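Containing mmCIF, C-alpha atoms: final-v7.cif.
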data_my_file
loop_
_atom_site.group_PDB
_atom_site.id
_atom_site.type_symbol
_atom_site.label_atom_id
_atom_site.label_comp_id
_atom_site.auth_asym_id
_atom_site.auth_seq_id
_atom_site.Cartn_x
_atom_site.Cartn_y
_atom_site.Cartn_z
ATOM 1 C CA MET A 1 0.000 0.000 0.000
ATOM 2 C CA PRO A 2 1.585 3.286 -1.011
ATOM 3 C CA ILE A 3 1.307 6.128 1.484
ATOM 4 C CA VAL A 4 1.226 9.612 -0.025
ATOM 5 C CA PHE A 5 1.765 12.936 1.747
ATOM 6 C CA VAL A 6 0.521 16.205 0.223
ATOM 7 C CA HIS A 7 1.868 19.249 2.046
ATOM 8 C CA GLY A 8 0.171 22.564 2.691
ATOM 9 C CA VAL A 9 1.085 26.169 1.959
ATOM 10 C CA ALA A 10 4.362 28.032 2.474
ATOM 11 C CA VAL A 11 6.572 25.028 1.749
ATOM 12 C CA ARG A 12 9.576 25.795 -0.458
ATOM 13 C CA ASP A 13 12.376 23.266 -0.675
ATOM 14 C CA GLU A 14 14.469 25.784 -2.584
ATOM 15 C CA ASP A 15 13.954 28.839 -0.312
ATOM 16 C CA PRO A 16 16.115 28.882 2.854
ATOM 17 C CA THR A 17 14.626 32.200 4.025
ATOM 18 C CA LEU A 18 11.097 30.799 4.035
ATOM 19 C CA ALA A 19 12.359 27.571 5.592
ATOM 20 C CA ARG A 20 13.763 29.556 8.528
ATOM 21 C CA ALA A 21 10.490 31.438 8.889
ATOM 22 C CA THR A 22 8.321 28.309 8.865
ATOM 23 C CA ARG A 23 10.556 26.602 11.421
ATOM 24 C CA ALA A 24 9.599 29.384 13.830
ATOM 25 C CA PHE A 25 5.985 28.253 13.427
ATOM 26 C CA GLY A 26 6.882 24.611 13.989
ATOM 27 C CA GLU A 27 7.006 23.241 10.444
ATOM 28 C CA VAL A 28 7.935 19.559 10.494
ATOM 29 C CA PRO A 29 10.535 18.436 7.926
ATOM 30 C CA TRP A 30 9.630 15.711 5.464
ATOM 31 C CA PRO A 31 12.186 13.154 6.784
ATOM 32 C CA THR A 32 10.466 13.298 10.190
ATOM 33 C CA ILE A 33 7.031 12.775 8.634
ATOM 34 C CA GLU A 34 8.337 9.947 6.467
ATOM 35 C CA ALA A 35 9.928 8.215 9.451
ATOM 36 C CA HIS A 36 6.677 8.377 11.443
ATOM 37 C CA LEU A 37 4.678 7.024 8.510
ATOM 38 C CA ARG A 38 7.168 4.193 8.092
ATOM 39 C CA GLU A 39 7.199 3.293 11.787
ATOM 40 C CA HIS A 40 3.522 3.631 12.644
ATOM 41 C CA VAL A 41 1.334 3.557 9.528
ATOM 42 C CA ALA A 42 3.173 1.218 7.152
ATOM 43 C CA PRO A 43 2.789 -1.799 9.510
ATOM 44 C CA ALA A 44 -0.949 -1.126 9.585
ATOM 45 C CA VAL A 45 -1.288 -1.558 5.851
ATOM 46 C CA SER A 46 1.221 -4.213 4.817
ATOM 47 C CA ASP A 47 3.005 -7.337 6.023
ATOM 48 C CA ASP A 48 6.096 -5.801 4.432
ATOM 49 C CA PRO A 49 6.243 -2.315 6.016
ATOM 50 C CA THR A 50 9.811 -1.678 4.889
ATOM 51 C CA GLY A 51 8.710 -2.198 1.289
ATOM 52 C CA VAL A 52 5.735 0.164 1.416
ATOM 53 C CA PRO A 53 6.316 3.082 -0.984
ATOM 54 C CA ILE A 54 6.038 6.377 0.912
ATOM 55 C CA MET A 55 5.795 9.395 -1.369
ATOM 56 C CA ARG A 56 5.667 13.141 -0.915
ATOM 57 C CA ILE A 57 3.953 15.158 -3.624
ATOM 58 C CA TYR A 58 5.714 18.519 -3.669
ATOM 59 C CA TRP A 59 3.930 21.486 -5.252
ATOM 60 C CA GLY A 60 5.523 24.428 -3.420
ATOM 61 C CA ASP A 61 7.487 25.575 -6.465
ATOM 62 C CA LEU A 62 4.146 26.150 -8.226
ATOM 63 C CA GLY A 63 2.775 28.326 -5.434
ATOM 64 C CA ALA A 64 2.849 32.086 -4.933
ATOM 65 C CA HIS A 65 5.556 34.042 -6.727
ATOM 66 C CA PHE A 66 6.435 37.675 -6.033
ATOM 67 C CA ALA A 67 6.691 39.223 -9.475
ATOM 68 C CA PHE A 68 8.398 42.369 -8.171
ATOM 69 C CA GLY A 69 10.756 40.646 -5.762
ATOM 70 C CA GLY A 70 8.647 41.314 -2.679
ATOM 71 C CA ARG A 71 8.495 45.072 -3.222
ATOM 72 C CA SER A 72 5.041 45.161 -1.611
ATOM 73 C CA LEU A 73 6.445 43.898 1.706
ATOM 74 C CA VAL A 74 6.860 46.906 3.970
ATOM 75 C CA SER A 75 9.582 45.487 6.212
ATOM 76 C CA ARG A 76 12.027 45.123 3.318
ATOM 77 C CA PRO A 77 14.074 48.103 2.078
ATOM 78 C CA LEU A 78 13.252 49.147 -1.457
ATOM 79 C CA ASP A 79 15.708 48.438 -4.251
ATOM 80 C CA LEU A 80 18.145 46.541 -2.051
ATOM 81 C CA PRO A 81 19.253 42.978 -2.684
ATOM 82 C CA GLU A 82 18.302 40.714 0.186
ATOM 83 C CA ALA A 83 21.918 40.141 1.167
ATOM 84 C CA ALA A 84 22.351 43.870 1.794
ATOM 85 C CA GLU A 85 19.345 44.296 4.078
ATOM 86 C CA ASP A 86 21.139 43.487 7.325
ATOM 87 C CA ALA A 87 23.943 45.868 6.459
ATOM 88 C CA ALA A 88 21.441 48.592 5.616
ATOM 89 C CA GLY A 89 19.720 48.085 8.950
ATOM 90 C CA ALA A 90 23.014 48.379 10.806
ATOM 91 C CA VAL A 91 23.862 51.613 8.999
ATOM 92 C CA ALA A 92 20.448 53.076 9.799
ATOM 93 C CA GLU A 93 20.832 52.181 13.459
ATOM 94 C CA ALA A 94 24.248 53.815 13.613
ATOM 95 C CA ALA A 95 22.851 56.941 11.967
ATOM 96 C CA ASP A 96 20.137 57.161 14.604
ATOM 97 C CA GLU A 97 22.786 57.219 17.302
ATOM 98 C CA LEU A 98 24.332 60.285 15.688
ATOM 99 C CA VAL A 99 21.106 62.297 15.730
ATOM 100 C CA ASP A 100 21.432 65.230 18.095
ATOM 101 C CA ASP A 101 19.361 65.164 21.270
ATOM 102 C CA VAL A 102 17.814 68.531 20.361
ATOM 103 C CA ILE A 103 15.475 66.756 17.936
ATOM 104 C CA PRO A 104 14.294 63.825 20.057
ATOM 105 C CA GLU A 105 10.897 63.372 18.384
ATOM 106 C CA PRO A 106 12.170 62.244 14.958
ATOM 107 C CA ARG A 107 14.653 60.006 16.723
ATOM 108 C CA ARG A 108 11.892 58.312 18.734
ATOM 109 C CA ILE A 109 9.820 57.889 15.605
ATOM 110 C CA ARG A 110 12.717 56.273 13.806
ATOM 111 C CA ARG A 111 13.280 53.900 16.691
ATOM 112 C CA LEU A 112 9.601 52.986 16.828
ATOM 113 C CA ARG A 113 9.646 52.393 13.101
ATOM 114 C CA GLY A 114 12.700 50.195 13.454
ATOM 115 C CA ALA A 115 11.107 48.212 16.265
ATOM 116 C CA ALA A 116 7.908 47.726 14.264
ATOM 117 C CA THR A 117 9.917 46.584 11.257
ATOM 118 C CA SER A 118 11.835 44.093 13.394
ATOM 119 C CA LEU A 119 8.555 42.625 14.606
ATOM 120 C CA ARG A 120 6.985 42.661 11.170
ATOM 121 C CA ARG A 121 9.826 41.097 9.194
ATOM 122 C CA PRO A 122 9.521 37.493 10.500
ATOM 123 C CA LEU A 123 5.780 37.552 9.802
ATOM 124 C CA GLU A 124 6.320 38.988 6.323
ATOM 125 C CA ASP A 125 8.727 36.169 5.565
ATOM 126 C CA PHE A 126 5.841 33.731 6.099
ATOM 127 C CA VAL A 127 2.299 35.152 6.099
ATOM 128 C CA PRO A 128 2.231 36.628 2.552
ATOM 129 C CA VAL A 129 3.466 33.315 1.125
ATOM 130 C CA PHE A 130 0.940 31.429 3.262
ATOM 131 C CA LEU A 131 -1.950 33.523 1.958
ATOM 132 C CA GLY A 132 -0.437 33.769 -1.503
ATOM 133 C CA ASP A 133 -0.334 30.001 -1.932
ATOM 134 C CA VAL A 134 -4.032 29.729 -1.057
ATOM 135 C CA LEU A 135 -4.951 32.464 -3.536
ATOM 136 C CA THR A 136 -2.639 31.053 -6.199
ATOM 137 C CA TYR A 137 -4.183 27.596 -5.964
ATOM 138 C CA VAL A 138 -7.760 28.886 -6.053
ATOM 139 C CA SER A 139 -7.089 31.222 -8.973
ATOM 140 C CA THR A 140 -5.067 28.756 -11.077
ATOM 141 C CA ARG A 141 -6.586 25.332 -10.308
ATOM 142 C CA GLY A 142 -8.574 25.442 -13.536
ATOM 143 C CA SER A 143 -11.165 22.781 -14.299
ATOM 144 C CA ALA A 144 -11.322 19.188 -15.475
ATOM 145 C CA GLU A 145 -11.178 20.461 -19.055
ATOM 146 C CA ALA A 146 -8.059 22.538 -18.335
ATOM 147 C CA PRO A 147 -6.476 21.625 -14.982
ATOM 148 C CA GLY A 148 -3.963 24.028 -13.494
ATOM 149 C CA PRO A 149 -0.311 23.226 -12.750
ATOM 150 C CA ILE A 150 -0.770 22.348 -9.063
ATOM 151 C CA VAL A 151 -3.642 20.013 -9.881
ATOM 152 C CA GLU A 152 -1.627 18.370 -12.650
ATOM 153 C CA ARG A 153 1.344 17.867 -10.312
ATOM 154 C CA VAL A 154 -0.762 16.206 -7.627
ATOM 155 C CA LEU A 155 -2.646 14.083 -10.165
ATOM 156 C CA ALA A 156 0.653 12.838 -11.598
ATOM 157 C CA GLY A 157 1.850 11.855 -8.137
ATOM 158 C CA LEU A 158 -1.388 10.051 -7.348
ATOM 159 C CA ASP A 159 -1.256 8.269 -10.705
ATOM 160 C CA ALA A 160 2.168 6.894 -9.763
ATOM 161 C CA ALA A 161 0.935 5.917 -6.311
ATOM 162 C CA ALA A 162 -2.170 4.233 -7.729
ATOM 163 C CA PHE A 163 0.015 2.217 -10.101
ATOM 164 C CA ALA A 164 2.166 1.104 -7.168
ATOM 165 C CA ALA A 165 -0.946 0.183 -5.185
ATOM 166 C CA GLU A 166 -2.249 -1.940 -8.041
ATOM 167 C CA SER A 167 1.149 -3.569 -8.526
ATOM 168 C CA ARG A 168 1.300 -4.541 -4.851
ATOM 169 C CA ASP A 169 -2.419 -5.376 -4.715
ATOM 170 C CA GLU A 170 -2.750 -2.997 -1.782
ATOM 171 C CA PRO A 171 -4.907 0.064 -1.062
ATOM 172 C CA LEU A 172 -3.771 3.690 -1.268
ATOM 173 C CA VAL A 173 -3.520 5.925 1.819
ATOM 174 C CA VAL A 174 -3.169 9.712 1.582
ATOM 175 C CA LEU A 175 -2.202 12.116 4.368
ATOM 176 C CA THR A 176 -2.654 15.816 3.705
ATOM 177 C CA HIS A 177 -1.745 18.818 5.787
ATOM 178 C CA SER A 178 -3.680 22.081 5.737
ATOM 179 C CA MET A 179 -4.154 23.342 2.151
ATOM 180 C CA GLY A 180 -3.198 19.930 0.818
ATOM 181 C CA GLY A 181 -6.636 18.829 1.998
ATOM 182 C CA GLN A 182 -8.437 21.367 -0.162
ATOM 183 C CA ILE A 183 -6.462 20.201 -3.185
ATOM 184 C CA VAL A 184 -7.401 16.560 -2.584
ATOM 185 C CA TYR A 185 -11.051 17.435 -1.954
ATOM 186 C CA ASP A 186 -11.207 19.266 -5.286
ATOM 187 C CA LEU A 187 -9.622 16.220 -6.923
ATOM 188 C CA VAL A 188 -12.071 13.650 -5.558
ATOM 189 C CA THR A 189 -15.168 15.807 -6.079
ATOM 190 C CA HIS A 190 -14.455 17.562 -9.380
ATOM 191 C CA PHE A 191 -11.380 16.479 -11.304
ATOM 192 C CA LEU A 192 -11.353 12.683 -10.937
ATOM 193 C CA PRO A 193 -15.062 12.171 -11.735
ATOM 194 C CA ARG A 194 -14.582 14.154 -14.961
ATOM 195 C CA MET A 195 -11.161 12.917 -16.075
ATOM 196 C CA PRO A 196 -11.397 9.281 -17.204
ATOM 197 C CA GLU A 197 -7.677 9.222 -17.979
ATOM 198 C CA HIS A 198 -7.140 9.185 -14.192
ATOM 199 C CA ARG A 199 -9.797 6.581 -13.427
ATOM 200 C CA GLY A 200 -7.166 4.342 -11.835
ATOM 201 C CA ILE A 201 -6.875 6.688 -8.853
ATOM 202 C CA ARG A 202 -8.853 5.642 -5.800
ATOM 203 C CA ILE A 203 -7.857 6.881 -2.359
ATOM 204 C CA ASP A 204 -8.840 4.099 -0.002
ATOM 205 C CA TYR A 205 -8.188 6.150 3.116
ATOM 206 C CA TRP A 206 -7.542 9.865 3.483
ATOM 207 C CA CYS A 207 -6.502 11.790 6.576
ATOM 208 C CA ALA A 208 -6.902 15.565 6.297
ATOM 209 C CA ALA A 209 -4.830 16.985 9.171
ATOM 210 C CA ALA A 210 -5.103 20.642 10.218
ATOM 211 C CA SER A 211 -7.937 20.717 7.733
ATOM 212 C CA GLN A 212 -9.829 23.658 6.289
ATOM 213 C CA VAL A 213 -12.053 21.502 4.073
ATOM 214 C CA GLY A 214 -15.148 22.211 6.171
ATOM 215 C CA LEU A 215 -14.529 25.952 6.086
ATOM 216 C CA PHE A 216 -13.966 26.005 2.321
ATOM 217 C CA GLU A 217 -17.138 24.000 1.688
ATOM 218 C CA GLU A 218 -19.162 26.188 4.021
ATOM 219 C CA LEU A 219 -17.920 29.278 2.162
ATOM 220 C CA GLY A 220 -18.552 27.691 -1.238
ATOM 221 C CA LEU A 221 -14.924 27.812 -2.380
ATOM 222 C CA PHE A 222 -14.684 24.364 -3.977
ATOM 223 C CA LEU A 223 -15.370 23.768 -7.642
ATOM 224 C CA GLU A 224 -18.292 21.506 -6.734
ATOM 225 C CA SER A 225 -19.677 23.638 -3.896
ATOM 226 C CA ALA A 226 -23.403 24.047 -4.518
ATOM 227 C CA PRO A 227 -24.747 27.608 -4.714
ATOM 228 C CA ASP A 228 -27.667 26.545 -2.501
ATOM 229 C CA ARG A 229 -25.522 24.521 -0.049
ATOM 230 C CA GLY A 230 -26.857 23.952 3.447
ATOM 231 C CA PRO A 231 -28.466 23.429 5.797
ATOM 232 C CA GLY A 232 -27.958 19.719 5.088
ATOM 233 C CA PRO A 233 -24.454 18.361 4.438
ATOM 234 C CA ALA A 234 -22.922 17.927 1.006
ATOM 235 C CA ALA A 235 -22.749 14.391 -0.328
ATOM 236 C CA HIS A 236 -19.687 12.297 0.433
ATOM 237 C CA PRO A 237 -17.215 12.414 -2.483
ATOM 238 C CA PRO A 238 -17.853 9.600 -5.003
ATOM 239 C CA ARG A 239 -16.943 6.247 -3.470
ATOM 240 C CA GLU A 240 -15.131 5.170 -6.611
ATOM 241 C CA HIS A 241 -12.566 7.869 -5.815
ATOM 242 C CA LEU A 242 -12.560 8.030 -1.996
ATOM 243 C CA GLY A 243 -13.114 5.459 0.710
ATOM 244 C CA GLY A 244 -12.634 6.409 4.361
ATOM 245 C CA TRP A 245 -11.845 9.957 5.442
ATOM 246 C CA TRP A 246 -10.635 11.299 8.793
ATOM 247 C CA ASN A 247 -10.851 15.075 9.183
ATOM 248 C CA VAL A 248 -8.721 16.045 12.178
ATOM 249 C CA TRP A 249 -8.383 19.402 13.908
ATOM 250 C CA ASP A 250 -7.118 20.837 17.184
ATOM 251 C CA HIS A 251 -8.823 23.362 19.456
ATOM 252 C CA ALA A 252 -5.532 25.272 19.733
ATOM 253 C CA ASP A 253 -4.915 25.228 15.971
ATOM 254 C CA LEU A 254 -6.778 28.303 14.795
ATOM 255 C CA LEU A 255 -6.299 27.284 11.160
ATOM 256 C CA SER A 256 -8.101 23.937 11.467
ATOM 257 C CA PHE A 257 -11.849 23.403 11.125
ATOM 258 C CA ARG A 258 -14.556 20.769 11.541
ATOM 259 C CA ALA A 259 -16.222 19.052 8.591
ATOM 260 C CA GLU A 260 -18.896 17.080 10.459
ATOM 261 C CA GLY A 261 -22.367 18.162 9.374
ATOM 262 C CA ILE A 262 -20.894 19.876 6.321
ATOM 263 C CA VAL A 263 -19.895 16.785 4.324
ATOM 264 C CA GLU A 264 -21.564 13.402 4.742
ATOM 265 C CA GLY A 265 -19.694 10.361 5.965
ATOM 266 C CA VAL A 266 -16.613 12.067 7.372
ATOM 267 C CA ASP A 267 -14.943 10.799 10.546
ATOM 268 C CA ASP A 268 -14.413 14.173 12.197
ATOM 269 C CA SER A 269 -12.563 14.547 15.483
ATOM 270 C CA ALA A 270 -10.225 16.709 17.499
ATOM 271 C CA PHE A 271 -6.653 15.767 18.303
ATOM 272 C CA PHE A 272 -4.649 17.422 21.056
ATOM 273 C CA ALA A 273 -1.309 18.094 19.415
ATOM 274 C CA ALA A 274 0.398 19.401 22.581
ATOM 275 C CA GLY A 275 1.938 22.432 20.929
ATOM 276 C CA SER A 276 1.133 26.122 21.271
ATOM 277 C CA LEU A 277 -1.022 28.650 19.445
ATOM 278 C CA ALA A 278 2.002 29.457 17.284
ATOM 279 C CA THR A 279 3.040 25.878 16.471
ATOM 280 C CA ASP A 280 -0.117 23.754 16.694
ATOM 281 C CA HIS A 281 -0.901 24.012 12.984
ATOM 282 C CA TYR A 282 2.109 21.778 12.281
ATOM 283 C CA ARG A 283 2.332 19.889 15.559
ATOM 284 C CA TYR A 284 0.220 16.899 14.480
ATOM 285 C CA LEU A 285 2.965 15.879 12.066
ATOM 286 C CA ALA A 286 5.568 15.607 14.831
ATOM 287 C CA ASN A 287 3.389 13.677 17.276
ATOM 288 C CA ALA A 288 3.754 9.890 17.334
ATOM 289 C CA ASP A 289 0.308 9.531 18.923
ATOM 290 C CA PHE A 290 -1.226 11.164 15.857
ATOM 291 C CA TYR A 291 0.325 8.552 13.569
ATOM 292 C CA ARG A 292 -0.753 5.746 15.906
ATOM 293 C CA ALA A 293 -4.313 7.064 15.777
ATOM 294 C CA LEU A 294 -4.103 7.260 11.987
ATOM 295 C CA ALA A 295 -2.815 3.686 11.810
ATOM 296 C CA GLY A 296 -5.731 2.461 13.919
ATOM 297 C CA ARG A 297 -8.253 4.185 11.685
ATOM 298 C CA VAL A 298 -6.610 2.837 8.549
ATOM 299 C CA ARG A 299 -6.746 -0.720 9.944
ATOM 300 C CA ALA A 300 -10.412 -0.339 10.811
ATOM 301 C CA SER A 301 -11.271 1.158 7.430
ATOM 302 C CA ILE A 302 -9.537 -1.451 5.285
ATOM 303 C CA GLY A 303 -10.402 -4.356 7.569
ATOM 304 C CA ARG A 304 -6.835 -5.270 8.449
ATOM 305 C CA PRO A 305 -6.297 -6.736 11.954
ATOM 306 C CA ASP A 306 -3.818 -5.278 14.418
ATOM 307 C CA ARG A 307 -1.006 -7.824 14.650
ATOM 308 C CA HIS A 308 0.775 -6.140 17.554
#
Final structure tokens representation of the file:
Amino acid sequence: MPIVFVHGVAVRDEDPTLARATRAFGEVPWPTIEAHLREHVAPAVSDDPTGVPIMRIYWGDLGAHFAFGGRSLVSRPLDLPEAAEDAAGAVAEAADELVDDVIPEPRRIRRLRGAATSLRRPLEDFVPVFLGDVLTYVSTRGSAEAPGPIVERVLAGLDAAAFAAESRDEPLVVLTHSMGGQIVYDLVTHFLPRMPEHRGIRIDYWCAAASQVGLFEELGLFLESAPDRGPGPAAHPPREHLGGWWNVWDHADLLSFRAEGIVEGVDDSAFFAAGSLATDHYRYLANADFYRALAGRVRASIGRPDRH
């Protein structure tokens, strides 16, 4: 059984600045996720856990791109290469020290501005990319007739995983984090039912961690969201494309949302990730208990006994 991970927003393998920023919010590196999946989930799906293919579908390079080099970001000096920013800040600070005490007001203003910029910069390294990836996906996802680049990337990865599942005569398990869940939900509700060339893809069990699927459906942001949605739940995605589905959220993760009562047939529950308000959005992926819970649900869904 292949296990596939689809990441969320603000993931850039090729951007060390963003990587530093996301670490401050608790982002969990792929090798850690892979190791947990291998240790806890692979034994739940195969008698040969070391041979289970575990794949990560990376789409970060197709996400938000700053066409003007981040010129809109207030904390960054205009027309300066990034490498020169620290030097520019040091020069500005030294200049402030030379300002005569007879004009204290401008000096205080400059210091307040510098303090605000220092606070703003770490957030601007992360938040605009976070929001930008959401907007980029929604605006470029296309349709079944003309799928966008992120959709095509994820479909290609799932095609490969589905082939491996068929070759091993085992089901396919998908774990998504955050925005990865919205991508998969669009796939199983809109793209796969209308794209027969991908008919081999069936996700036998899906875990949407730190999910916003319920919020997006409630706001009508999916391609298949009904204009007259509510008060009853939307139908479960077609069973030929999706089997079991666990939607998991955390009370302390302000970016995770329920799906129960919004979509039929979802196993919706909270998980205490034991992080903080700043780090809980990623904390599931570092918690061994989360993977153990996922393994138990996978076993129950596919009818495989616990051999431990």
Quiz item: Applied to this file, what does the PyMOL selection byres ((chain A and resi 40) around 10) return in terms of residues, put as number ranges by chain?
Solution: A: 35-39, 41-45, 49, 288-296
Quiz item: Rounded to one decimal in Å, what is the spacing between CA of Glu264 (chain A) and CA of Phe216 (chain A)?
Solution: 14.9 Å
Leaving out Asp250 (chain A) and any residue of its chain fewer than 3 positions from it, which residues lie within 7 Å of it when counting only C-alpha atoms, given as a PDB file with C-alpha atoms, in the coordinates of the input?
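Here's the written file selection09.pdb:
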ATOM      1  CA  ASP A 253      -4.915  25.228  15.971  1.00  0.00           C
ATOM      2  CA  SER A 256      -8.101  23.937  11.467  1.00  0.00           C
ATOM      3  CA  ALA A 270     -10.225  16.709  17.499  1.00  0.00           C
ATOM      4  CA  PHE A 271      -6.653  15.767  18.303  1.00  0.00           C
ATOM      5  CA  PHE A 272      -4.649  17.422  21.056  1.00  0.00           C
ATOM      6  CA  ALA A 273      -1.309  18.094  19.415  1.00  0.00           C
TER       7      ALA A 273
END
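With all atoms listed in the file as the atoms that count, the minimum distance from Glu240 (chain A) to the choices A:Arg199, A:His65, A:Arg194, A:Arg76 is reached by A:Arg199.
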Quiz prompt | Residues returned when the PyMOL selection byres ((chain A and resi 176-182) around 6) runs on this file, as a ChimeraX atom specification | solution = /A:5-9,175,183-185,208-211,213
Exercise. Using the chain letters and residue numbers of this document, give as an MDAnalysis selection string the residues selected by the PyMOL selection byres ((chain A and resi 141-158) around 10).
Key: chainID A and resid 2 4:6 55:63 135:140 159:164 172 174 180 183:184 186:187 190:195 198 200:203 223
Quiz item: Could you name the residues that touch Thr189 (chain A) at 7 Å or less, counting only C-alpha atoms, but leaving out those on the same chain fewer than 5 positions away, as a ChimeraX atom specification?
Solution: /A:224,237-238
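Between CA of Phe130 (chain A) and CA of Ala10 (chain A) lies a distance of 4.9 Å.
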Quiz prompt | Neighbour residues at most 12 Å from (9.0, 21.9, 6.3) (all atoms listed in the file) as number ranges by chain | solution = A: 6-34, 56, 58, 60, 177, 282-283, 285-286
Quiz item: By how many Å are CA of Tyr205 (chain A) and CA of Val298 (chain A) apart?
Solution: 6.6 Å
Quiz item: Using all atoms listed in the file, which residue out of A:Pro196, A:Gly69, A:Pro233, A:Gly244 lies closest to Pro171 (chain A)?
Solution: A:Gly244
Quiz prompt | Residue with smallest distance to Val127 (chain A) - pool A:Ala234, A:Ala64, A:Ile109, A:Val188, counting only C-alpha atoms | solution = A:Ala64
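The list of residues within 7 Å of (-8.2, -2.3, 2.9), counted using only C-alpha atoms, is A:Pro171, A:Ser301, A:Ile302, A:Gly303, A:Arg304.
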Axis-aligned box for region 59-77 of chain A, 5 Å per side, centre and edges in Å as lines of an AutoDock Vina configuration file:
center_x = 8.4
center_y = 34.8
center_z = -1.6
size_x = 21.3
size_y = 36.6
size_z = 25.7
Could you rebuild region 152-170 of chain A with N, CA and C atoms and give it back as a compact mmCIF listing (two decimals), in the frame of the given file?
# COMPACT_ATOMS: atom_id res chain seq x y z
N GLU A 152 -2.32 19.34 -11.80
CA GLU A 152 -1.63 18.37 -12.65
C GLU A 152 -0.49 17.69 -11.89
N ARG A 153 0.24 18.44 -11.08
CA ARG A 153 1.34 17.87 -10.31
C ARG A 153 0.83 16.81 -9.33
N VAL A 154 -0.24 17.15 -8.62
CA VAL A 154 -0.76 16.21 -7.63
C VAL A 154 -1.39 14.99 -8.31
N LEU A 155 -2.08 15.21 -9.42
CA LEU A 155 -2.65 14.08 -10.16
C LEU A 155 -1.55 13.13 -10.65
N ALA A 156 -0.45 13.68 -11.13
CA ALA A 156 0.65 12.84 -11.60
C ALA A 156 1.22 12.00 -10.46
N GLY A 157 1.36 12.60 -9.28
CA GLY A 157 1.85 11.86 -8.14
C GLY A 157 0.89 10.76 -7.71
N LEU A 158 -0.40 11.06 -7.72
CA LEU A 158 -1.39 10.05 -7.35
C LEU A 158 -1.49 8.95 -8.40
N ASP A 159 -1.30 9.31 -9.66
CA ASP A 159 -1.26 8.27 -10.70
C ASP A 159 -0.14 7.27 -10.42
N ALA A 160 1.04 7.78 -10.07
CA ALA A 160 2.17 6.89 -9.76
C ALA A 160 1.87 6.04 -8.53
N ALA A 161 1.26 6.66 -7.52
CA ALA A 161 0.94 5.92 -6.31
C ALA A 161 -0.12 4.86 -6.58
N ALA A 162 -1.12 5.20 -7.40
CA ALA A 162 -2.17 4.23 -7.73
C ALA A 162 -1.60 3.04 -8.49
N PHE A 163 -0.64 3.31 -9.37
CA PHE A 163 0.02 2.22 -10.10
C PHE A 163 0.76 1.30 -9.13
N ALA A 164 1.45 1.91 -8.17
CA ALA A 164 2.17 1.10 -7.17
C ALA A 164 1.20 0.29 -6.32
N ALA A 165 0.05 0.90 -5.98
CA ALA A 165 -0.95 0.18 -5.18
C ALA A 165 -1.48 -1.02 -5.94
N GLU A 166 -1.75 -0.83 -7.23
CA GLU A 166 -2.25 -1.94 -8.04
C GLU A 166 -1.18 -3.02 -8.19
N SER A 167 0.07 -2.60 -8.36
CA SER A 167 1.15 -3.57 -8.53
C SER A 167 1.34 -4.42 -7.28
N ARG A 168 1.13 -3.82 -6.12
CA ARG A 168 1.30 -4.54 -4.85
C ARG A 168 -0.01 -5.15 -4.36
N ASP A 169 -1.09 -4.90 -5.11
CA ASP A 169 -2.42 -5.38 -4.72
C ASP A 169 -2.76 -4.90 -3.30
N GLU A 170 -2.50 -3.61 -3.08
CA GLU A 170 -2.75 -3.00 -1.78
C GLU A 170 -3.48 -1.67 -1.99
